[in-house]
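Printed here is model_7.txt (compact mmCIF, C-alpha atoms):
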# COMPACT_ATOMS: atom_id res chain seq x y z
CA MET A 379 122.33 147.32 -54.05
CA ASN A 380 120.89 148.62 -50.77
CA LYS A 381 123.81 151.01 -50.36
CA LYS A 382 123.22 152.40 -53.85
CA LEU A 383 119.52 152.92 -53.09
CA GLN A 384 120.32 154.64 -49.79
CA THR A 385 122.89 156.87 -51.48
CA SER A 386 120.50 157.84 -54.27
CA LYS A 387 117.76 158.57 -51.73
CA ALA A 388 120.12 160.70 -49.66
CA ILE A 389 121.16 162.68 -52.75
CA MET A 390 117.51 163.12 -53.75
CA TYR A 391 116.55 164.37 -50.28
CA LEU A 392 119.49 166.77 -50.21
CA LEU A 393 118.46 168.18 -53.59
CA LEU A 394 114.84 168.53 -52.45
CA ILE A 395 115.94 170.30 -49.26
CA PHE A 396 118.18 172.61 -51.29
CA PHE A 397 115.44 173.60 -53.73
CA ALA A 398 112.89 173.91 -50.89
CA GLY A 399 115.26 176.28 -49.11
CA ILE A 400 115.55 178.39 -52.27
CA GLN A 401 111.77 178.58 -52.51
CA ILE A 402 111.22 179.40 -48.82
CA PHE A 403 114.07 181.91 -48.47
CA PRO A 404 112.18 184.92 -49.95
CA LEU A 405 109.40 184.44 -47.38
CA ILE A 406 111.92 184.21 -44.52
CA TRP A 407 113.71 187.29 -45.86
CA LEU A 408 110.40 189.18 -46.08
CA ILE A 409 109.38 188.37 -42.50
CA ASN A 410 112.88 189.11 -41.24
CA PHE A 411 113.02 192.58 -42.78
CA SER A 412 109.51 193.40 -41.56
CA LEU A 413 110.76 193.12 -37.96
CA LEU A 414 113.80 195.39 -38.33
CA ASN A 415 114.54 199.09 -38.07
CA ASN A 416 115.12 200.93 -41.32
CA SER A 417 118.75 201.45 -40.35
CA ASP A 418 119.26 197.66 -40.09
CA LEU A 419 118.11 196.96 -43.63
CA PHE A 420 121.26 198.25 -45.32
CA GLY A 421 123.84 196.15 -43.48
CA PRO A 422 126.24 193.68 -45.09
CA SER A 423 124.28 190.59 -43.99
CA ILE A 424 121.41 189.13 -46.00
CA LEU A 425 119.54 188.08 -42.84
CA VAL A 426 119.80 190.00 -39.57
CA TRP A 427 117.56 188.50 -36.93
CA PRO A 428 116.50 191.39 -34.66
CA LYS A 429 117.27 191.33 -30.96
CA ASN A 430 114.16 193.45 -30.32
CA PRO A 431 111.59 192.68 -33.07
CA ARG A 432 109.75 195.81 -34.21
CA LEU A 433 106.14 194.64 -33.99
CA ASP A 434 105.07 198.27 -34.21
CA ASN A 435 105.80 198.00 -37.94
CA TYR A 436 102.76 195.75 -38.20
CA VAL A 437 100.68 198.10 -36.07
CA LYS A 438 101.56 201.03 -38.34
CA ALA A 439 100.89 198.90 -41.42
CA TRP A 440 97.52 197.76 -40.06
CA ILE A 441 96.30 201.24 -39.12
CA ASP A 442 97.88 203.54 -41.69
CA GLY A 443 97.47 201.08 -44.53
CA ASP A 444 93.72 200.81 -43.98
CA ILE A 445 94.19 197.05 -44.05
CA PRO A 446 90.90 196.08 -42.28
CA ARG A 447 88.76 197.68 -45.02
CA LEU A 448 90.94 196.40 -47.85
CA PHE A 449 91.00 192.96 -46.24
CA MET A 450 87.20 192.83 -46.05
CA ASN A 451 86.93 193.91 -49.68
CA SER A 452 89.27 191.09 -50.66
CA ILE A 453 87.23 188.62 -48.61
CA VAL A 454 83.99 189.70 -50.32
CA VAL A 455 85.49 189.48 -53.80
CA ASN A 456 87.24 186.15 -53.20
CA VAL A 457 84.33 184.42 -51.45
CA ALA A 458 81.93 185.47 -54.21
CA THR A 459 84.44 184.39 -56.87
CA ILE A 460 85.00 180.98 -55.28
CA VAL A 461 81.28 180.27 -54.75
CA LEU A 462 80.33 181.25 -58.30
CA THR A 463 83.28 179.35 -59.78
CA VAL A 464 82.45 176.14 -57.90
CA LEU A 465 78.77 176.32 -58.86
CA LEU A 466 79.40 177.09 -62.53
CA VAL A 467 82.21 174.55 -62.84
CA SER A 468 80.07 171.80 -61.29
CA MET A 469 77.08 172.54 -63.53
CA LEU A 470 79.13 172.97 -66.71
CA SER A 471 81.15 169.82 -66.08
CA TYR A 472 77.98 167.81 -65.44
CA ALA A 473 76.46 169.12 -68.66
CA PHE A 474 79.60 168.30 -70.65
CA THR A 475 80.09 164.78 -69.24
CA ARG A 476 76.58 163.51 -68.53
CA MET A 477 74.12 165.26 -70.82
CA ILE A 478 73.67 164.69 -74.54
CA TRP A 479 73.07 167.87 -76.51
CA LYS A 480 74.03 169.41 -79.81
CA PHE A 481 77.38 171.21 -80.13
CA LYS A 482 78.50 169.92 -76.72
CA GLY A 483 82.05 169.29 -77.95
CA VAL A 484 82.24 172.70 -79.58
CA PHE A 485 81.25 174.56 -76.41
CA PHE A 486 83.58 172.43 -74.29
CA ARG A 487 86.50 173.38 -76.53
CA ILE A 488 85.50 177.05 -76.40
CA VAL A 489 85.55 176.96 -72.59
CA ILE A 490 88.91 175.15 -72.46
CA MET A 491 90.37 177.65 -74.95
CA GLY A 492 90.13 180.20 -72.13
CA LEU A 493 93.36 178.69 -70.78
CA MET A 494 95.21 180.27 -73.71
CA ILE A 495 93.84 183.81 -73.28
CA PRO A 496 96.22 186.16 -71.39
CA ILE A 497 94.75 188.58 -68.85
CA HIS A 498 96.29 191.60 -70.55
CA VAL A 499 94.35 190.97 -73.76
CA THR A 500 91.03 191.48 -71.97
CA LEU A 501 91.90 194.59 -69.95
CA LEU A 502 91.02 197.25 -72.51
CA PRO A 503 87.78 195.65 -73.86
CA ASN A 504 86.56 194.93 -70.34
CA PHE A 505 87.46 198.45 -69.22
CA PHE A 506 85.18 200.03 -71.82
CA THR A 507 82.47 197.36 -71.47
CA PHE A 508 82.31 197.67 -67.68
CA GLY A 509 82.26 201.45 -67.99
CA ALA A 510 79.32 201.29 -70.42
CA VAL A 511 77.24 199.02 -68.15
CA GLY A 512 78.31 200.66 -64.87
CA LEU A 513 80.42 197.83 -63.45
CA ARG A 514 83.64 199.77 -62.96
CA ASN A 515 84.33 200.71 -59.34
CA SER A 516 82.24 197.81 -58.05
CA TYR A 517 82.79 194.32 -56.68
CA LEU A 518 81.27 192.80 -59.82
CA GLY A 519 83.93 194.50 -61.92
CA LEU A 520 86.45 192.12 -60.36
CA ILE A 521 84.27 189.10 -59.62
CA ILE A 522 83.14 188.60 -63.23
CA PRO A 523 86.63 188.45 -64.82
CA TYR A 524 88.03 186.42 -61.91
CA VAL A 525 85.28 183.82 -62.40
CA ALA A 526 85.76 183.86 -66.17
CA PHE A 527 89.49 183.15 -65.88
CA SER A 528 88.93 180.43 -63.24
CA LEU A 529 86.34 178.49 -65.28
CA PRO A 530 88.62 176.85 -67.92
CA ILE A 531 90.99 175.10 -65.51
CA GLY A 532 88.08 174.27 -63.19
CA VAL A 533 86.02 172.68 -65.97
CA PHE A 534 89.08 170.79 -67.18
CA LEU A 535 89.74 169.24 -63.74
CA MET A 536 86.11 168.63 -62.80
CA SER A 537 85.09 167.07 -66.11
CA SER A 538 88.12 164.75 -65.91
CA PHE A 539 86.94 163.53 -62.51
CA MET A 540 83.34 163.11 -63.63
CA GLU A 541 84.36 161.07 -66.66
CA SER A 542 85.90 158.48 -64.34
CA MET A 543 82.91 158.29 -62.00
CA TYR A 544 80.62 155.29 -62.10
CA ARG A 545 77.16 156.27 -63.32
CA ALA A 546 75.36 153.60 -61.29
CA MET A 547 74.83 155.92 -58.31
CA GLU A 548 73.37 158.65 -60.50
CA GLU A 549 71.13 156.16 -62.30
CA SER A 550 69.88 154.84 -58.94
CA ALA A 551 69.22 158.41 -57.79
CA VAL A 552 67.20 159.11 -60.95
CA ILE A 553 65.14 155.95 -60.37
CA ASP A 554 64.45 157.12 -56.79
CA GLY A 555 63.15 160.45 -58.13
CA CYS A 556 66.23 162.69 -57.82
CA GLY A 557 66.39 165.67 -60.14
CA VAL A 558 69.45 167.12 -61.83
CA TRP A 559 70.10 169.67 -59.08
CA ARG A 560 70.06 167.09 -56.28
CA ILE A 561 72.34 164.79 -58.27
CA ILE A 562 74.86 167.63 -58.74
CA PHE A 563 74.81 168.89 -55.15
CA ASN A 564 74.26 165.63 -53.23
CA ILE A 565 76.17 163.11 -55.34
CA VAL A 566 78.53 164.65 -57.88
CA MET A 567 80.08 167.40 -55.76
CA PRO A 568 80.75 165.27 -52.62
CA LEU A 569 82.33 162.51 -54.74
CA ASN A 570 84.58 165.05 -56.47
CA LYS A 571 85.87 166.71 -53.31
CA PRO A 572 89.60 166.55 -54.30
CA ALA A 573 88.85 168.38 -57.55
CA LEU A 574 86.70 170.95 -55.75
CA VAL A 575 89.44 171.62 -53.17
CA ALA A 576 91.97 172.11 -55.97
CA ILE A 577 89.59 174.50 -57.75
CA VAL A 578 88.89 176.48 -54.56
CA VAL A 579 92.56 176.87 -53.64
CA THR A 580 93.77 177.75 -57.15
CA THR A 581 90.93 180.25 -57.57
CA PHE A 582 91.77 181.87 -54.24
CA LEU A 583 95.50 182.06 -54.99
CA ASN A 584 94.88 183.54 -58.43
CA SER A 585 92.44 186.22 -57.26
CA TRP A 586 93.76 187.11 -53.78
CA ASN A 587 96.98 188.77 -54.94
CA GLU A 588 95.74 189.85 -58.38
CA PHE A 589 96.57 193.50 -59.01
CA ILE A 590 96.46 194.25 -62.74
CA MET A 591 92.68 193.97 -63.09
CA ALA A 592 92.09 195.62 -59.72
CA VAL A 593 94.13 198.70 -60.57
CA THR A 594 92.51 198.91 -64.03
CA TYR A 595 88.86 198.60 -62.99
CA LEU A 596 88.89 200.23 -59.53
CA ASN A 597 89.41 203.92 -58.82
CA ASP A 598 87.17 204.14 -55.76
CA ASN A 599 88.87 203.40 -52.43
CA ARG A 600 85.65 201.85 -51.12
CA TYR A 601 86.10 198.79 -53.33
CA ARG A 602 89.86 198.41 -53.52
CA THR A 603 91.37 195.11 -52.41
CA LEU A 604 94.35 194.16 -50.26
CA PRO A 605 97.12 194.38 -52.92
CA PHE A 606 96.43 198.14 -52.97
CA ALA A 607 97.87 198.31 -49.43
CA VAL A 608 101.31 197.50 -50.83
CA TYR A 609 100.78 199.93 -53.70
CA ASN A 610 99.70 202.78 -51.39
CA PHE A 611 102.52 202.24 -48.90
CA ALA A 612 105.13 202.22 -51.66
CA GLY A 613 104.18 205.81 -52.43
CA ARG A 614 103.24 207.10 -48.99
CA TYR A 615 106.10 205.50 -47.05
CA ALA A 616 108.78 205.47 -49.73
CA ALA A 617 111.59 205.59 -47.15
CA ASP A 618 109.97 203.38 -44.51
CA TYR A 619 110.93 200.01 -45.98
CA ALA A 620 110.35 197.99 -42.82
CA VAL A 621 106.67 198.98 -42.75
CA GLN A 622 106.37 198.17 -46.45
CA PHE A 623 107.72 194.69 -45.74
CA ALA A 624 105.18 194.34 -42.92
CA VAL A 625 102.36 195.23 -45.34
CA MET A 626 103.60 192.67 -47.86
CA THR A 627 103.78 190.02 -45.12
CA VAL A 628 100.21 190.68 -43.99
CA THR A 629 99.03 190.54 -47.61
CA ALA A 630 100.80 187.26 -48.36
CA LEU A 631 100.00 185.36 -45.15
CA PRO A 632 96.36 184.32 -45.90
CA ALA A 633 97.34 182.73 -49.22
CA ILE A 634 100.33 180.98 -47.63
CA ILE A 635 98.25 179.62 -44.74
CA LEU A 636 95.51 178.36 -47.08
CA TYR A 637 98.06 176.69 -49.33
CA ILE A 638 99.75 174.96 -46.37
CA ILE A 639 96.41 173.66 -45.03
CA PHE A 640 95.10 172.32 -48.34
CA ASN A 641 98.39 171.58 -50.10
CA GLU A 642 98.00 167.79 -49.99
CA GLN A 643 94.40 167.76 -51.18
CA MET A 644 95.10 170.32 -53.90
CA THR A 645 98.09 168.35 -55.23
CA LYS A 646 96.04 165.17 -55.15
CA GLY A 647 93.18 166.78 -57.03
CA ILE A 648 95.42 168.24 -59.74
CA MET A 649 97.39 165.01 -60.19
CA LEU A 650 94.30 162.79 -60.35
CA GLY A 651 92.57 165.20 -62.71
CA GLY A 652 95.59 165.25 -65.00
CA VAL A 653 95.95 161.44 -64.97
CA LYS A 654 92.25 160.81 -65.57
CA SER A 655 92.09 163.27 -68.42

Rewrite the coordinates I just gave you, this time as structure tokens.
Amino acid sequence: MNKKLQTSKAIMYLLLIFFAGIQIFPLIWLINFSLLNNSDLFGPSILVWPKNPRLDNYVKAWIDGDIPRLFMNSIVVNVATIVLTVLLVSMLSYAFTRMIWKFKGVFFRIVIMGLMIPIHVTLLPNFFTFGAVGLRNSYLGLIIPYVAFSLPIGVFLMSSFMESMYRAMEESAVIDGCGVWRIIFNIVMPLNKPALVAIVVTTFLNSWNEFIMAVTYLNDNRYRTLPFAVYNFAGRYAADYAVQFAVMTVTALPAIILYIIFNEQMTKGIMLGGVKS
């Protein structure tokens, strides 16, 4: 019996390693090609580790790609999106799970229905609406739709966590004179940290590399975000593939690092939220 268990575990681990290698290989391939000369990219081998890594590809990508400005624009948009999403998700989830008011179930279903709305459906209406109110070519032109598309999954996870919370702490806080805002920020949000981490990471991953909305709503280079670096280099350096790979690596690294750091907490938050719902 023990031998069968050990054999099954070994097979499972081998399968997991195999599929993990398939998932990680594109990233290794991307980094590998970003360190090569252009002449080395068209050899017979899939991976050619360079004897003299071309770090100047990253220097050229950083300077010519205007990455510092695009990077700061992405930081502004993503930080604002995450802060607004966390605040709105926390307040909406508290209202849906703790407060008694008319049509609560109807509005909850309307919010959750946002999970079924594709991004492409909203591009044209938002384009004309933002143009009419002067939000095109601005940070708000990206922040508003990013927050809107992050709310449904955030409310779903957060409300699932809140439903399972004991109300005794909140009742004690009310007796001691706590208002709604202090209950949300001092009690509810700290106790729902796994859900908040999952919401923060998923919101960041969804908005950091988003390009369709950015290219639709932004024409001004002052507000363009980091995915435009790849787009610009593809046209400007059409034959310089190594530098293009360097740009793609720089663009992807922040999301990869954040996912590695918070992977365990994010998985825990999503799993617990799904089980509790």

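The spacing separating atom CA of His498 of chain A from atom CA of Leu520 of chain A amounts to 14.2 Å.
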
Review point. Please, what distance in Å, to one decimal, runs between atom CA of Tyr524 of chain A and atom CA of Pro404 of chain A?
Key: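 Those two atoms sit 27.0 Å apart.
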
Practice item. Just the residues within 9 Å of segment 421-437 of chain A, please, counting all atoms listed in the file, with nothing from its chain fewer than 6 positions along; format it as a PyMOL selection string. Key: chain A and resi 406-407+410-415+620-625+628

Segment 575-581 of chain A, all listed atoms, 6 Å padding on each side: what axis-aligned box centre and edge lengths in Å to one decimal come out, as AutoDock Vina command-line options?
--center_x 91.3 --center_y 175.9 --center_z -55.5 --size_x 16.9 --size_y 20.6 --size_z 16.6

So that each row is one residue of segment 431-485 of chain A with an atom at most 12 Å from segment 572-576 of chain A, can you give its shortest atom pair and the distance in Å to one decimal, using all atoms listed in the file, rows by chain and rising number, as a tab-separated table?
residue	atom	partner	partner_atom	distance
A:Ile460	CA	A:Leu574	CA	10.2
A:Val461	CA	A:Leu574	CA	10.8
A:Thr463	CA	A:Leu574	CA	9.9
A:Val464	CA	A:Leu574	CA	7.0
A:Leu465	CA	A:Leu574	CA	10.1
A:Leu466	CA	A:Leu574	CA	11.7
A:Val467	CA	A:Leu574	CA	9.1
A:Ser468	CA	A:Leu574	CA	8.7
A:Ser471	CA	A:Ala573	CA	11.6

Practice item. Write out as a PyMOL selection string each polymer residue whose atoms come within 12 Å of segment 551-558 of chain A, counting all atoms listed in the file; drop sequence neighbours fewer than 6 positions from it. Key: chain A and resi 468-469+472-473+476-477+545+564-566

Review point. When you draw a straight line from atom CA of Val579 of chain A to atom CA of Met494 of chain A, how long is it in Å?
Key: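 Here the two named atoms are 20.5 Å from each other.
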
Review point. Which is closer to Leu448 of chain A than all the others in A:Lys381, A:Arg560, A:Lys480, A:Arg600, using all atoms listed in the file?
Key: A:Arg600

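When only C-alpha atoms are used to measure the gap to Met536 of chain A, the shortest distance among A:Phe563, A:Thr475, A:Ser516, A:Pro503 belongs to A:Thr475.
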
Review point. So, counting all atoms listed in the file, which residue among A:Ile478, A:Gly519, A:Phe506, A:Ser528 is closest to Leu493 of chain A?
Key: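 Selected residue with least distance to Leu493 of chain A: A:Ser528.
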
Review point. Which residue, A:Asn515, A:Asn641, A:Asn570, A:Thr580, has the smallest gap to Tyr601 of chain A when you use all atoms listed in the file?
Key: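 For Tyr601 of chain A, the nearest of the candidates is A:Asn515.
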
Review point. Got a sec: who's within 12 Å of Ala526 of chain A, counting only C-alpha atoms, leaving out chain neighbours fewer than 5 positions off, as an MDAnalysis selection string?
Key: chainID A and resid 459:460 462:464 466:467 489:493 495:497 500 504 518:521 531:533 581 584:585

Please return segment 623-643 of chain A, rebuilt to N, CA and C atoms, as a PDB file, in the coordinates of the input.
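Output file rebuild_38.pdb follows:
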ATOM      1  N   PHE A 623     107.563 196.139 -45.849  1.00  0.00           N
ATOM      2  CA  PHE A 623     107.720 194.690 -45.740  1.00  0.00           C
ATOM      3  C   PHE A 623     106.636 194.099 -44.836  1.00  0.00           C
ATOM      4  N   ALA A 624     106.256 194.814 -43.796  1.00  0.00           N
ATOM      5  CA  ALA A 624     105.180 194.340 -42.920  1.00  0.00           C
ATOM      6  C   ALA A 624     103.859 194.252 -43.682  1.00  0.00           C
ATOM      7  N   VAL A 625     103.581 195.251 -44.523  1.00  0.00           N
ATOM      8  CA  VAL A 625     102.360 195.230 -45.340  1.00  0.00           C
ATOM      9  C   VAL A 625     102.370 194.039 -46.287  1.00  0.00           C
ATOM     10  N   MET A 626     103.498 193.794 -46.934  1.00  0.00           N
ATOM     11  CA  MET A 626     103.600 192.670 -47.860  1.00  0.00           C
ATOM     12  C   MET A 626     103.429 191.333 -47.134  1.00  0.00           C
ATOM     13  N   THR A 627     103.943 191.249 -45.899  1.00  0.00           N
ATOM     14  CA  THR A 627     103.780 190.020 -45.120  1.00  0.00           C
ATOM     15  C   THR A 627     102.323 189.772 -44.785  1.00  0.00           C
ATOM     16  N   VAL A 628     101.636 190.812 -44.324  1.00  0.00           N
ATOM     17  CA  VAL A 628     100.210 190.680 -43.990  1.00  0.00           C
ATOM     18  C   VAL A 628      99.403 190.289 -45.227  1.00  0.00           C
ATOM     19  N   THR A 629      99.751 190.846 -46.373  1.00  0.00           N
ATOM     20  CA  THR A 629      99.030 190.540 -47.610  1.00  0.00           C
ATOM     21  C   THR A 629      99.263 189.102 -48.056  1.00  0.00           C
ATOM     22  N   ALA A 630     100.467 188.602 -47.868  1.00  0.00           N
ATOM     23  CA  ALA A 630     100.800 187.260 -48.360  1.00  0.00           C
ATOM     24  C   ALA A 630     100.377 186.142 -47.424  1.00  0.00           C
ATOM     25  N   LEU A 631     100.242 186.423 -46.123  1.00  0.00           N
ATOM     26  CA  LEU A 631     100.000 185.360 -45.150  1.00  0.00           C
ATOM     27  C   LEU A 631      98.730 184.545 -45.402  1.00  0.00           C
ATOM     28  N   PRO A 632      97.563 185.151 -45.687  1.00  0.00           N
ATOM     29  CA  PRO A 632      96.360 184.320 -45.900  1.00  0.00           C
ATOM     30  C   PRO A 632      96.532 183.291 -47.004  1.00  0.00           C
ATOM     31  N   ALA A 633      97.138 183.672 -48.120  1.00  0.00           N
ATOM     32  CA  ALA A 633      97.340 182.730 -49.220  1.00  0.00           C
ATOM     33  C   ALA A 633      98.310 181.623 -48.819  1.00  0.00           C
ATOM     34  N   ILE A 634      99.352 181.986 -48.072  1.00  0.00           N
ATOM     35  CA  ILE A 634     100.330 180.980 -47.630  1.00  0.00           C
ATOM     36  C   ILE A 634      99.688 179.989 -46.671  1.00  0.00           C
ATOM     37  N   ILE A 635      98.902 180.497 -45.719  1.00  0.00           N
ATOM     38  CA  ILE A 635      98.250 179.620 -44.740  1.00  0.00           C
ATOM     39  C   ILE A 635      97.272 178.676 -45.436  1.00  0.00           C
ATOM     40  N   LEU A 636      96.471 179.206 -46.357  1.00  0.00           N
ATOM     41  CA  LEU A 636      95.510 178.360 -47.080  1.00  0.00           C
ATOM     42  C   LEU A 636      96.233 177.298 -47.887  1.00  0.00           C
ATOM     43  N   TYR A 637      97.313 177.657 -48.523  1.00  0.00           N
ATOM     44  CA  TYR A 637      98.060 176.690 -49.330  1.00  0.00           C
ATOM     45  C   TYR A 637      98.646 175.590 -48.444  1.00  0.00           C
ATOM     46  N   ILE A 638      99.177 175.953 -47.279  1.00  0.00           N
ATOM     47  CA  ILE A 638      99.750 174.960 -46.370  1.00  0.00           C
ATOM     48  C   ILE A 638      98.671 173.987 -45.888  1.00  0.00           C
ATOM     49  N   ILE A 639      97.488 174.508 -45.559  1.00  0.00           N
ATOM     50  CA  ILE A 639      96.410 173.660 -45.030  1.00  0.00           C
ATOM     51  C   ILE A 639      95.918 172.676 -46.089  1.00  0.00           C
ATOM     52  N   PHE A 640      95.717 173.153 -47.303  1.00  0.00           N
ATOM     53  CA  PHE A 640      95.100 172.320 -48.340  1.00  0.00           C
ATOM     54  C   PHE A 640      96.099 171.853 -49.400  1.00  0.00           C
ATOM     55  N   ASN A 641      97.387 171.931 -49.099  1.00  0.00           N
ATOM     56  CA  ASN A 641      98.390 171.580 -50.100  1.00  0.00           C
ATOM     57  C   ASN A 641      98.250 170.132 -50.566  1.00  0.00           C
ATOM     58  N   GLU A 642      98.077 169.220 -49.630  1.00  0.00           N
ATOM     59  CA  GLU A 642      98.000 167.790 -49.990  1.00  0.00           C
ATOM     60  C   GLU A 642      96.780 167.490 -50.842  1.00  0.00           C
ATOM     61  N   GLN A 643      95.627 168.014 -50.418  1.00  0.00           N
ATOM     62  CA  GLN A 643      94.400 167.760 -51.180  1.00  0.00           C
ATOM     63  C   GLN A 643      94.451 168.428 -52.553  1.00  0.00           C
TER      64      GLN A 643
END
